[in-house]
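Asker: Structure incoming, see below.
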Amino acid sequence: MEKKYFNQMKIKTRIAFVANDLVIGGVSKVLISLCNTLDAARYDVHLILLSDKTEMENILPLNTSVKRHLFNYEFLEDFTLKSYLKVAFIKQHNIKRASFIVHKILNLRLDILHFHTLPRQLFIGQLVKAEQPSLQLVFTDHLVRLSESNFNWYQKKLLEVAHRKFYKNYHIISVSDTVFQSVKKQKRNDRNYKLMLLENSINLPDYTRDKAFTNFVTNQFIYVSRMNHHKGQSTLIDAWIKLKNPQKGKLILVGPDESNGKFQEMAKGDPTIVFTGGTANVKEFINDSNFAVFPSQKEGLPIALLEKMAYELPIICSDIPELTSIISNNIEGVHFQLDNTDDLVSKLNFAIENKEIMIQMGKNARRKVEHICASNNPIQFHNKFYSQLHKNKYFIFNDKGTKK
């Protein structure tokens, strides 16, 4: 009996992570860190990428023990309601688009399949589970979906139905309390599976400021994010152009461009607006800045936000709950009304004209991120959770997290 138990303990948990890509960004950082920290003696780790974009590996290389599988998956660019419903409910459409990926995953004979994708790619796991019922599916949700302002009531209801279909058979890990509450409120998670909270965090010793706020001759504002219509760059650029304060300095926009040059065109060649593109030296840009801006329309708990807070940057952010739950107004930064260019201009002016107040807000931001990171242990969380899933892989859970 003891020998049999010992042999069972030696069997590795076979786990694969699925991501759209590894472009420069917070999700890629979280995923690579997770892959690299799993004990190779306990886990057989695979990484399934739905494209060949792997720029983040130039900054954070994957351990050689992680087996990579790259696919040329045809992403749908149509984000209409009709498209969501088609993906959610027409199984043959999904089989046609992803059968080659499903076949590969089935050959891996996994215990756990963990997604860090958009919800629309979750059908891939459902197709695999239909052939391999013992497979445990996990989805880390990095974003608040279906925010109130983006849809009218009937669109929202239909999209909620579609998302419940996407999330079926998945254990859900939310990266912030606002994401957790959003999933719970809209009843998107399958009640037979776990809904958990693991806030994003960073390794704080990697973020030590070596340039004091008072040493800045020129004010430098920074925003680090993918450049698309959800991230608010258009509002920020409009506000910056309207800002006539002679001390405004530079605006640094860091991140890969998903707008096909739209934002560069909006900037009209303004030399005070600097586009870096995706870059390996994000920390250097943050360290060389004294204000951070976060005008996003929707978020989870961005790694880029935590990084700026760790560098003691005061945060000027849109008043969406995902950000205001972290950045208290006039404590760690200041809020402006979402998409309100004039309000953002006034907050940028306030920051420039009240440096002593902003310095204190930056110090408060550092204390806040220290508190967030101290309360999280991602390695311990995932090891415990994966161990439970592997041990109970022939069971499902009820909404209290106990076996049925």
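Ordering of the structure tokens sets the chain letters (A, B, ...), residue numbers begin anew at 1 in every chain, and ligands are numbered from 1 in the order given.
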For segment 248-347 of chain A against segment 181-200 of chain A, with a cut-off of 10 Å and counting only C-alpha atoms, what is the closest atom pair and its distance in Å to one decimal for every residue that makes the cut, ordered by chain and number, as JSON lines?

Answerer:
```
{"residue": "A:Gly300", "atom": "CA", "partner": "A:Asn200", "partner_atom": "CA", "distance": 8.9}
{"residue": "A:Leu301", "atom": "CA", "partner": "A:Asn200", "partner_atom": "CA", "distance": 6.2}
{"residue": "A:Pro302", "atom": "CA", "partner": "A:Asn200", "partner_atom": "CA", "distance": 7.5}
{"residue": "A:Ile303", "atom": "CA", "partner": "A:Asn200", "partner_atom": "CA", "distance": 6.8}
{"residue": "A:Leu306", "atom": "CA", "partner": "A:Asn200", "partner_atom": "CA", "distance": 8.5}
```

Asker: Now that the selection is made, can you save its residues with C-alpha atoms as a PDB file, in the first residue's frame?

Answerer:
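Dumped to part.pdb:
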```pdb
ATOM      1  CA  GLY A 300      -8.901  44.018 -14.368  1.00  0.00           C
ATOM      2  CA  LEU A 301      -5.944  44.727 -12.092  1.00  0.00           C
ATOM      3  CA  PRO A 302      -3.242  45.849 -14.545  1.00  0.00           C
ATOM      4  CA  ILE A 303       0.349  44.825 -13.881  1.00  0.00           C
ATOM      5  CA  LEU A 306       1.086  48.060  -9.970  1.00  0.00           C
TER       6      LEU A 306
END
```

Asker: Considering only alpha helix (DSSP H) as DSSP defines it on the backbone, what residues of segment 90-263 of chain A qualify? List them as JSON, numbers by chain.

Answerer: {"A": [91, 92, 93, 94, 95, 96, 97, 98, 99, 100, 101, 102, 103, 104, 105, 106, 107, 108, 123, 124, 125, 126, 127, 128, 129, 130, 131, 153, 154, 155, 156, 157, 158, 159, 160, 161, 162, 163, 164, 165, 166, 167, 177, 178, 179, 180, 181, 182, 183, 184, 185, 233, 234, 235, 236, 237, 238, 239, 240, 241, 242, 262, 263]}

Asker: Show which residues sit within 9 Å of segment 108-115 of chain A, as a list in words. Count only C-alpha atoms, and ignore same-chain residues fewer than 3 positions away.

Answerer: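 These residues fall inside the cut-off: Thr13, Arg14, Ile15, Ala16, Phe17, Val18, Ala19, His46, Lys104, Ile105, Leu118, Pro119, Gln121, Leu122, Gly125, Gln132, Ser134, Leu135, Gln136, Leu137, Val138, Phe139, Thr140, Asp141, Tyr386, Leu389, His390 and Lys393 of chain A.
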
Asker: Could those selected residues go to a file with C-alpha atoms, as a short mmCIF file (atom, residue, chain, number, x, y, z; two decimals), in the first residue's frame?

Answerer:
```
data_model
loop_
_atom_site.label_atom_id
_atom_site.label_comp_id
_atom_site.auth_asym_id
_atom_site.auth_seq_id
_atom_site.Cartn_x
_atom_site.Cartn_y
_atom_site.Cartn_z
CA THR A 13 0.53 16.71 -13.14
CA ARG A 14 0.24 17.36 -16.87
CA ILE A 15 -0.83 20.96 -17.38
CA ALA A 16 -1.07 23.24 -20.39
CA PHE A 17 -1.63 26.98 -20.51
CA VAL A 18 -3.41 28.53 -23.49
CA ALA A 19 -2.79 32.15 -24.52
CA HIS A 46 3.04 22.95 -21.84
CA LYS A 104 -3.10 18.33 -30.53
CA ILE A 105 -4.36 18.98 -26.99
CA LEU A 118 -10.41 36.06 -24.35
CA PRO A 119 -13.63 34.25 -23.32
CA GLN A 121 -11.50 31.07 -27.12
CA LEU A 122 -12.83 29.01 -24.19
CA GLY A 125 -11.35 23.65 -23.92
CA GLN A 132 -11.80 13.76 -22.36
CA SER A 134 -11.73 13.98 -16.72
CA LEU A 135 -9.94 17.13 -17.95
CA GLN A 136 -10.12 20.06 -15.53
CA LEU A 137 -10.62 23.45 -17.22
CA VAL A 138 -9.45 26.74 -15.68
CA PHE A 139 -9.83 30.31 -16.93
CA THR A 140 -8.00 33.30 -15.44
CA ASP A 141 -10.24 36.29 -16.14
CA TYR A 386 -3.68 22.38 -9.05
CA LEU A 389 -7.79 19.59 -9.16
CA HIS A 390 -5.47 16.69 -9.93
CA LYS A 393 -10.12 15.32 -11.39
#
```

Asker: Using only C-alpha atoms, pick whichever of A:Lys96, A:His69, A:Arg42, A:Lys29 has the shortest atom-to-atom distance to Ile11 of chain A.

Answerer: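 Nearest to Ile11 of chain A: A:Arg42.
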
Asker: If we count only C-alpha atoms and set the cut-off at 9 Å, which residues sit around segment 244-259 of chain A, ignoring sequence neighbours fewer than 6 positions away in its own chain? Please answer as a PyMOL selection string.

Answerer: chain A and resi 23-25+218-229+233+237+271-279+282+285+289+348-349+352-353

Asker: Those same residues - C-alpha atoms - I'd like them written as a compact mmCIF listing (two decimals), in the first residue's frame.

Answerer:
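Heads up, here's the output in out05.txt:
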```txt
# COMPACT_ATOMS: atom_id res chain seq x y z
CA VAL A 23 3.29 40.07 -26.84
CA ILE A 24 4.62 42.66 -24.42
CA GLY A 25 2.03 43.20 -21.70
CA THR A 218 10.93 68.43 -17.09
CA ASN A 219 7.60 66.82 -16.18
CA GLN A 220 7.10 63.43 -17.79
CA PHE A 221 3.75 61.64 -17.85
CA ILE A 222 3.60 57.97 -18.82
CA TYR A 223 0.96 55.47 -19.89
CA VAL A 224 1.87 51.80 -20.46
CA SER A 225 -0.74 49.73 -22.29
CA ARG A 226 -1.65 48.11 -25.56
CA MET A 227 -2.89 50.83 -27.86
CA ASN A 228 -6.53 50.18 -28.76
CA HIS A 229 -9.91 51.87 -28.38
CA GLN A 233 -5.36 56.69 -25.63
CA ILE A 237 -4.01 62.46 -26.62
CA PRO A 271 6.98 66.45 -30.47
CA THR A 272 5.93 66.31 -26.81
CA ILE A 273 4.06 63.02 -27.43
CA VAL A 274 6.45 60.07 -27.68
CA PHE A 275 5.36 56.65 -28.98
CA THR A 276 7.81 53.91 -27.97
CA GLY A 277 5.94 50.89 -29.31
CA GLY A 278 6.41 47.59 -27.52
CA THR A 279 9.68 47.80 -25.63
CA VAL A 282 9.49 49.60 -19.66
CA PHE A 285 10.63 54.69 -18.93
CA SER A 289 8.70 59.63 -15.29
CA LEU A 348 -3.20 67.09 -15.57
CA ASN A 349 -2.98 70.78 -14.68
CA ILE A 352 1.69 69.98 -12.55
CA GLU A 353 0.71 72.80 -10.20
```

Asker: Out of A:Ser234, A:Ser174, A:Lys355, A:Asn287, which residue has the shortest atom-to-atom distance to Tyr207 of chain A when counting only C-alpha atoms?

Answerer: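 Checking each of A:Ser234, A:Ser174, A:Lys355, A:Asn287 against Tyr207 of chain A, counting only C-alpha atoms, the winner is A:Asn287.
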
Asker: In Å to one decimal, how far is atom CA of Phe385 of chain A from atom CA of Lys53 of chain A?

Answerer: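 Straight-line distance from atom CA of Lys53 of chain A to atom CA of Phe385 of chain A works out to 29.2 Å.
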
Asker: For Ile241 of chain A, work out the shell of residues within 10 Å, counting only C-alpha atoms and skipping chain neighbours fewer than 6 positions away, then give it as a VMD selection string.

Answerer: chain A and resid 266 to 268 270 272 to 273 345

Asker: With only C-alpha atoms as the atoms that count, which of A:Phe123, A:Phe180, A:Tyr73, A:Trp240 lies nearest to Phe89 of chain A?

Answerer: A:Phe123

Asker: When you look at Lys347 of chain A with a cut-off of 8 Å (counting only C-alpha atoms), what residues show up, excluding the ones that are within fewer than 3 positions of it in the same chain? I need them as a list in words.

Answerer: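 Selected residues are Ile316, Val334, His335, Phe336, Asp343, Leu344, Phe350 and Ala351 of chain A.
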
Asker: So that I can check the surroundings of Ile202 of chain A, please list as a PyMOL selection string every protein, DNA and RNA residue that reaches within 10 Å of it, counting only C-alpha atoms and ignoring chain neighbours fewer than 4 positions away.

Answerer: chain A and resi 29-30+33+206-207+303-304+306-307+310+369-370+372-374+376+378
